[in-house]
Structure formats: C-alpha cells, structure tokens
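Peer 1: This is the structure, below, for whatever I ask next.
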Amino acid sequence: MAKKVTMQKIADHLGVSKFVVSKSLSGKGGVNETTRERVIQAASQLGYFTQKNAYMQNMKRSSQAAGGDRNKQSVLVLMPNIRSQTQDSLYWGKIVDGIALALDQEGLGMVIVSEHRADNFVNILNPNGLLGLVGVGQISTSLLLEVHRIGLPMVLIDHEDPLIPSDTVFANNIDSMARLSNHLLGIGHTQQHLIAPIRYSRSFRDRWIGFRSALEENGMKPPAGDDEMLMLEDMDSVVFHEEFKQWLLKRKKAKNLPTALLCGNDFTALTVCEVLREEGLNVPADVSVTGFDNIEDATRCVPPLTTVHVPKEAMGRAAVEKLLNRIHNPSAPLEKILIAADIVHRDSVAGPRS
C-alpha cells in the first residue's frame, strides 16, 4: 500500500521546511512565488493532490449539503476576464448560457466571478452555500489551488491544469480538425497550413495534433512545429493582422502560398479573410479558409465561413451534470469528457485551382 504523501515528505523532497510547504499549499503569504510554484509542482508529482485525504472529506460535506436544502445552494462559475473570456463573448457567453440553463433546471443558483488574481480571489471565495465550481476557459494554477485547498469540487471547461487534478469538458478538437483536414485533402488541397498559436490554449494544441495526424496518415509532411503561425504569442486582432500579413507576403514572394488555410478559431479566420482580400486574393478561388467554433459572425463573413460547430451550450450543461455527479461520488475516477463537434460546410472552401 502506498504511503501517504504528507507535507513533511514534500518538504524533504524539496529541501525546505514543512512550514514553507504549509504556507504554500494553504495560499497564505510569506512565501515567494517561485518557491510556491515549486511546492505545488512537487506536491502534484508526489501525488499529494490525488490521495484520499481531508480534501475528500470536504467534498463529502458538500455532497451532504447538496442532499439537504438544495434550493439555497449555488454553483460558483469562475471565468477570469482574460483573453476575451467574458459573458459578452460569442464563444464563452454561449457556454455560460448552457451552465445557467442546466443549473436552473436543477433549482440551483449561479455566482459568476471574473477575478484573475489569486490573492483577491481568496478574499471573495466563501465555500459556505457553494456546491462546487465550474471553471470556464483558462484559469491559473494559483486560483485552482485555492479551490482545491478548501475541497470544493470542480469541473473545468476548455481547460485543464497540469498540476491540479479535476474533471474536464472539451470539444473533441483532435478528431474534428482531423476530419476537416481530410475533407480538404479529399477535394484536392494537398498544400494546407494551420494558423493557430498552439501555446495559447489546450484546445489550439489539440487542433494542431488533429491537423498534423491527418496529414501524416496521408503520407504528407506537416509544417514544422516551430512555424511562426503556430508560435504566435499575442492574439490581439491588430497585432495578428500585421503578423499574418507579413507571413502572407513572404509566402507570396516565395510562390509557396498554401491553397487552404485552416484557422484555430473563427476570429482568426475572419482576420485571415480580411488580409487576403487586402492583398488581392479571393476566398475561396485563390485560397480556401476554414475556422473553428461556429460563432454567429461566421455566417456574416463574406463569403460565409466553413467551420466546425462546437456545441457550446452542451459543454456547459455537461459540466454541470459532471459536477453534480462528482459531488455525490467524490472518490470516482476523474473524467475528461469530449463533446462531438461537426463540420459546417459554407462558401469559404472550394477545390484548388488546377
């Protein structure tokens, strides 16, 4: 039987005091950020967060509360206001709508928090009356640690943390992008390129994996992993517009412009179409363009955008269902739920010119 991972064991592993480990894991001050991150990483590697300790007891108390007067219970929805993660977003807002509908059907309330600083979050985090947490989009490890520390069960949507274990909900990004790439290959597009910053989010990395696997399975070599359109750091529309324009001009000059550009999401695809038009290229006669997510603006694009429909509301509903299951079954294995996503064929794709 495996030995229990204690704070002392973590301290011995790192060569620090148990006091430092306790401070770091409790979210209290007095420890610099670098040390705190080292402690969290070591705790994760040693299995501290996954063992059935007092953390599980807290979850059981939440389960007992859920079985009581549920009409007075609420779920915390954490959606840090970074990278356009707001209720007004055509993508994230639909996910929150799905969460709200599912909670309402269960007679539960919803408290939305947009705080992204761990120290401020601690001040507003009050587990009393909260059944659990649904995280939407990218959330820092330090924030998730605070939730984990008090034993609040959580489900993350479109994000997973490498250190803090939790249930997660994603669209099936790998399979969907692979099908999209195979469709383009089927109509003759053997020169494809992915426009997506793969370090930006887990979903973008998974879409890159799907794109790459489709090309490799057809005996083709995908663009190098260090391609500048995969390594973008800033997705600000103005910055991306200029960076993509420079990339496009270099490709045109070298006469190796792909016949199809697959974009990491619809926002990226809309900017790509805009730059192509500015440079005198026609979509889809000269270059086919695809998006991902199927936001409302995809239908308003000229031409309307071929994309992948991500069932955003369904992801929100699935997260609520998983959270309630987790509350009642705290020791069950963690799950990663994949929601199927389908290709939506519109006019931004055509066969390549002969």
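Ligands are numbered from 1 in the order shown, chains are lettered A, B, ... in the order of the structure tokens, and residues start at 1 in each chain.
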Determine, counting only C-alpha atoms, which protein, DNA and RNA residues have an atom within 12 Å of an atom of A:Glu233; residues of the same chain fewer than 4 positions away are not included. Present the result as a ChimeraX atom specification.
Peer 2: /A:83,196-201,228-229,239-240,243
Peer 1: When you count only C-alpha atoms, which of these residues is closest to A:Met315: A:Asn294, A:Thr168, A:Asn329, A:Asn265?
Peer 2: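 Result for the nearest residue to A:Met315: A:Thr168.
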Peer 1: When distances are computed from only C-alpha atoms, which of A:Ala171, A:Leu108, A:Ile327, A:Leu46 shows the smallest separation from A:Ile339?
Peer 2: A:Ala171
Peer 1: Hey, what's within 8 Å of stretch 153-163 of chain A if we count only C-alpha atoms and toss same-chain stuff fewer than 4 positions away? As a PyMOL selection string, please?
Peer 2: chain A and resi 40-41+44-45+59+131-139+141+147-148+167-171+201-203+315-316+319-320+322-323+326-327
Peer 1: Those selected residues, please, written with C-alpha atoms and delivered as a compact mmCIF listing (two decimals), in the first residue's frame.
Peer 2:
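selection_11.txt, freshly written:
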```
# COMPACT_ATOMS: atom_id res chain seq x y z
CA ILE A 40 2.79 22.99 -5.90
CA GLN A 41 4.64 21.13 -8.65
CA SER A 44 1.44 17.23 -7.73
CA GLN A 45 4.30 14.96 -8.82
CA MET A 59 -16.22 17.03 -0.83
CA LEU A 131 -21.86 23.20 -4.02
CA GLY A 132 -18.85 23.42 -6.29
CA LEU A 133 -17.15 25.29 -9.09
CA VAL A 134 -17.32 25.28 -12.87
CA GLY A 135 -14.25 26.91 -14.42
CA VAL A 136 -14.64 28.44 -17.88
CA GLY A 137 -11.58 28.92 -20.08
CA GLN A 138 -8.01 29.47 -18.97
CA ILE A 139 -7.52 29.70 -15.20
CA THR A 141 -2.87 27.19 -11.22
CA VAL A 147 -10.44 25.94 -4.83
CA HIS A 148 -8.69 22.60 -4.34
CA ASP A 167 -12.81 16.66 -14.26
CA THR A 168 -12.76 18.47 -17.60
CA VAL A 169 -15.05 19.09 -20.58
CA PHE A 170 -13.73 19.75 -24.08
CA ALA A 171 -14.96 19.68 -27.64
CA SER A 201 -4.61 27.13 -25.13
CA ARG A 202 -5.00 23.37 -24.80
CA SER A 203 -7.74 23.40 -27.45
CA MET A 315 -20.46 21.81 -22.97
CA GLY A 316 -21.89 24.00 -20.22
CA ALA A 319 -20.04 20.40 -16.94
CA VAL A 320 -22.98 20.91 -14.55
CA LYS A 322 -20.46 16.13 -14.20
CA LEU A 323 -20.15 18.45 -11.19
CA ARG A 326 -18.78 14.39 -8.66
CA ILE A 327 -20.44 15.85 -5.56
```
